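Participant: protein.cif is the file, holding mmCIF, C-alpha atoms:
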data_model
loop_
_atom_site.group_PDB
_atom_site.id
_atom_site.type_symbol
_atom_site.label_atom_id
_atom_site.label_comp_id
_atom_site.auth_asym_id
_atom_site.auth_seq_id
_atom_site.Cartn_x
_atom_site.Cartn_y
_atom_site.Cartn_z
ATOM 1 C CA MET O 1 0.000 0.000 0.000
ATOM 2 C CA LYS O 2 1.329 3.407 -0.935
ATOM 3 C CA LYS O 3 2.047 6.028 1.667
ATOM 4 C CA PRO O 4 -0.491 8.883 1.412
ATOM 5 C CA ASN O 5 0.973 12.214 0.416
ATOM 6 C CA PRO O 6 -0.130 15.527 1.975
ATOM 7 C CA VAL O 7 -2.600 16.201 -0.851
ATOM 8 C CA ASP O 8 -4.416 12.928 -0.058
ATOM 9 C CA ALA O 9 -4.613 13.750 3.645
ATOM 10 C CA ILE O 10 -5.734 17.350 3.193
ATOM 11 C CA GLY O 11 -8.268 16.421 0.505
ATOM 12 C CA GLY O 12 -9.703 13.588 2.576
ATOM 13 C CA ILE O 13 -10.055 15.760 5.663
ATOM 14 C CA ALA O 14 -11.623 18.629 3.699
ATOM 15 C CA THR O 15 -14.067 16.233 2.025
ATOM 16 C CA ALA O 16 -15.083 14.738 5.361
ATOM 17 C CA VAL O 17 -15.545 18.143 7.037
ATOM 18 C CA VAL O 18 -17.625 19.623 4.215
ATOM 19 C CA THR O 19 -19.710 16.463 3.896
ATOM 20 C CA GLY O 20 -20.330 16.431 7.646
ATOM 21 C CA ALA O 21 -21.399 20.075 7.654
ATOM 22 C CA VAL O 22 -23.817 19.554 4.763
ATOM 23 C CA ALA O 23 -25.215 16.417 6.412
ATOM 24 C CA ALA O 24 -25.771 18.312 9.658
ATOM 25 C CA HIS O 25 -27.679 21.051 7.799
ATOM 26 C CA LEU O 26 -29.799 18.486 6.006
ATOM 27 C CA VAL O 27 -30.645 16.744 9.277
ATOM 28 C CA ASP O 28 -31.703 20.111 10.728
ATOM 29 C CA HIS O 29 -34.146 20.478 7.825
ATOM 30 C CA ASP O 30 -35.689 17.033 8.353
ATOM 31 C CA VAL O 31 -34.494 15.574 5.059
ATOM 32 C CA SER O 32 -35.340 11.900 4.601
ATOM 33 C CA THR O 33 -32.735 9.275 5.427
ATOM 34 C CA LEU O 34 -32.418 8.009 1.847
ATOM 35 C CA ILE O 35 -31.834 11.495 0.466
ATOM 36 C CA LEU O 36 -29.332 12.206 3.244
ATOM 37 C CA LEU O 37 -27.501 8.959 2.486
ATOM 38 C CA SER O 38 -27.485 9.722 -1.250
ATOM 39 C CA VAL O 39 -26.092 13.225 -0.741
ATOM 40 C CA VAL O 40 -23.410 12.071 1.706
ATOM 41 C CA LEU O 41 -22.240 9.200 -0.501
ATOM 42 C CA SER O 42 -22.257 11.411 -3.582
ATOM 43 C CA MET O 43 -20.223 14.122 -1.848
ATOM 44 C CA LEU O 44 -17.709 11.620 -0.494
ATOM 45 C CA SER O 45 -17.312 9.993 -3.892
ATOM 46 C CA SER O 46 -16.882 13.300 -5.700
ATOM 47 C CA GLY O 47 -14.521 14.767 -3.124
ATOM 48 C CA LEU O 48 -12.279 11.723 -2.948
ATOM 49 C CA THR O 49 -12.211 11.394 -6.741
ATOM 50 C CA LEU O 50 -11.171 15.029 -7.052
ATOM 51 C CA THR O 51 -8.524 14.529 -4.369
ATOM 52 C CA ASP O 52 -7.164 11.491 -6.210
ATOM 53 C CA ARG O 53 -6.931 13.435 -9.488
ATOM 54 C CA VAL O 54 -5.142 16.347 -7.826
ATOM 55 C CA ALA O 55 -2.727 13.969 -6.063
ATOM 56 C CA LYS O 56 -1.931 12.211 -9.342
ATOM 57 C CA ALA O 57 -1.395 15.539 -11.080
ATOM 58 C CA THR O 58 1.119 16.610 -8.436
ATOM 59 C CA THR O 59 3.123 13.387 -8.806
ATOM 60 C CA THR O 60 3.165 13.067 -12.599
ATOM 61 C CA GLU O 61 5.853 14.202 -15.025
ATOM 62 C CA VAL O 62 4.763 14.921 -18.603
ATOM 63 C CA TYR O 63 7.308 14.736 -21.403
ATOM 64 C CA ARG O 64 6.305 16.047 -24.850
ATOM 65 C CA CYS O 65 8.017 16.045 -28.197
ATOM 66 C CA SER O 66 9.101 19.536 -29.217
ATOM 67 C CA ALA O 67 8.801 18.873 -32.972
ATOM 68 C CA GLN O 68 6.124 20.961 -34.694
ATOM 69 C CA GLY O 69 2.905 18.960 -35.143
ATOM 70 C CA CYS O 70 4.097 15.927 -33.172
ATOM 71 C CA SER O 71 1.569 14.814 -30.571
ATOM 72 C CA VAL O 72 3.739 12.273 -28.729
ATOM 73 C CA GLU O 73 3.460 12.657 -24.982
ATOM 74 C CA ILE O 74 4.646 10.402 -22.150
ATOM 75 C CA ARG O 75 3.241 10.664 -18.629
ATOM 76 C CA ALA O 76 5.188 9.044 -15.807
ATOM 77 C CA THR O 77 4.704 9.086 -12.076
ATOM 78 C CA ARG O 78 7.623 10.326 -10.030
ATOM 79 C CA ASN O 79 7.912 7.042 -8.145
ATOM 80 C CA HIS O 80 10.133 5.730 -10.967
ATOM 81 C CA SER O 81 13.900 5.857 -10.621
ATOM 82 C CA PRO O 82 15.655 8.948 -11.983
ATOM 83 C CA GLU O 83 17.298 6.726 -14.592
ATOM 84 C CA ARG O 84 13.940 5.450 -15.842
ATOM 85 C CA LEU O 85 12.513 8.988 -15.937
ATOM 86 C CA ALA O 86 15.545 10.094 -17.969
ATOM 87 C CA VAL O 87 14.951 7.266 -20.479
ATOM 88 C CA LEU O 88 11.283 8.226 -20.822
ATOM 89 C CA ARG O 89 12.159 11.912 -21.224
ATOM 90 C CA ASP O 90 14.737 11.093 -23.898
ATOM 91 C CA MET O 91 12.260 8.857 -25.696
ATOM 92 C CA ALA O 92 9.611 11.580 -25.784
ATOM 93 C CA THR O 93 11.873 14.480 -26.726
ATOM 94 C CA ASP O 94 13.873 12.672 -29.449
ATOM 95 C CA HIS O 95 11.585 12.998 -32.481
ATOM 96 C CA THR O 96 13.724 10.607 -34.554
ATOM 97 C CA ARG O 97 12.795 7.750 -32.187
ATOM 98 C CA HIS O 98 9.056 8.144 -32.697
ATOM 99 C CA GLY O 99 8.613 10.347 -35.789
ATOM 100 C CA SER O 100 6.273 7.926 -37.550
ATOM 101 C CA ALA O 101 4.140 7.359 -34.424
ATOM 102 C CA ALA O 102 2.650 10.840 -34.577
ATOM 103 C CA VAL O 103 1.395 10.484 -38.174
#
Spell out the structure here as structure tokens.
Facilitator:
Amino acid sequence: MKKPNPVDAIGGIATAVVTGAVAAHLVDHDVSTLILLSVVLSMLSSGLTLTDRVAKATTTEVYRCSAQGCSVEIRATRNHSPERLAVLRDMATDHTRHGSAAV
């Protein structure tokens, strides 16, 4: 299991706090249990999905080919070794290695 990064922790806590506050307001307004459950589960799902996307964005390197009109792009998470990231960067930026792939 991966160690959670600060974005995961902050996003999870923020999602839980906001969901709890909304649930408390809904309970005060006598909303039915099924609607309350639906809203809470929907908010948790949305918040944690957003947190996951932000966490992935903060730990991803994107390497693009600089040749005009070439759409080659390699995305790699930073948990790879520096050597592997260098190979991926070289592969993406060297247009001669993938020139026909973008056609």
Participant: Around stretch 79-84 of chain O, with edges along x, y and z and 8 Å added on all six sides, what centre and edge lengths do you get, in Å to one decimal, as AutoDock Vina command-line options?
Facilitator:
--center_x 12.6 --center_y 7.2 --center_z -12.0 --size_x 25.4 --size_y 19.5 --size_z 23.7
Participant: If we count all atoms listed in the file, what is near stretch 34-47 of chain O at a cut-off of 7 Å, once residues fewer than 5 positions away on the same chain are taken out, given as a list in words?
Facilitator: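 Those residues are Thr15, Thr19, Ala23 and Leu26 of chain O.
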Participant: If you measure from atom CA of O:Arg75 to atom CA of O:Leu88, what distance in Å do you get, rounded to one decimal?
Facilitator: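 If I compute the distance from atom CA of O:Arg75 to atom CA of O:Leu88, I get 8.7 Å.
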Participant: So that I can check the surroundings of O:Gly11, please list as number ranges by chain every protein, DNA and RNA residue that reaches within 9 Å of it, counting only C-alpha atoms and ignoring chain neighbours fewer than 6 positions away.
Facilitator: O: 47-48, 50-52, 54-55
Participant: Write out as number ranges by chain which residues come within 12 Å of O:Thr93 when counting all atoms listed in the file, dropping same-chain ones fewer than 2 positions away.
Facilitator: O: 62-68, 70-74, 86-91, 95-99
Participant: Please indicate the distance in Å from atom CA of O:Thr60 to atom CA of O:Leu85, rounded to one decimal place.
Facilitator: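 Atom-to-atom, atom CA of O:Thr60 and atom CA of O:Leu85 are spaced 10.7 Å apart.
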Participant: If you measure from atom CA of O:Ala57 to atom CA of O:Glu83, what distance in Å do you get, rounded to one decimal?
Facilitator: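 Rounded to one decimal, the two atoms are 21.0 Å apart.
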Participant: So, counting all atoms listed in the file, which residue among O:Ala76, O:Val17, O:Val22, O:Ala9 is closest to O:Ala92?
Facilitator: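 Smallest separation from O:Ala92 among the options: O:Ala76.
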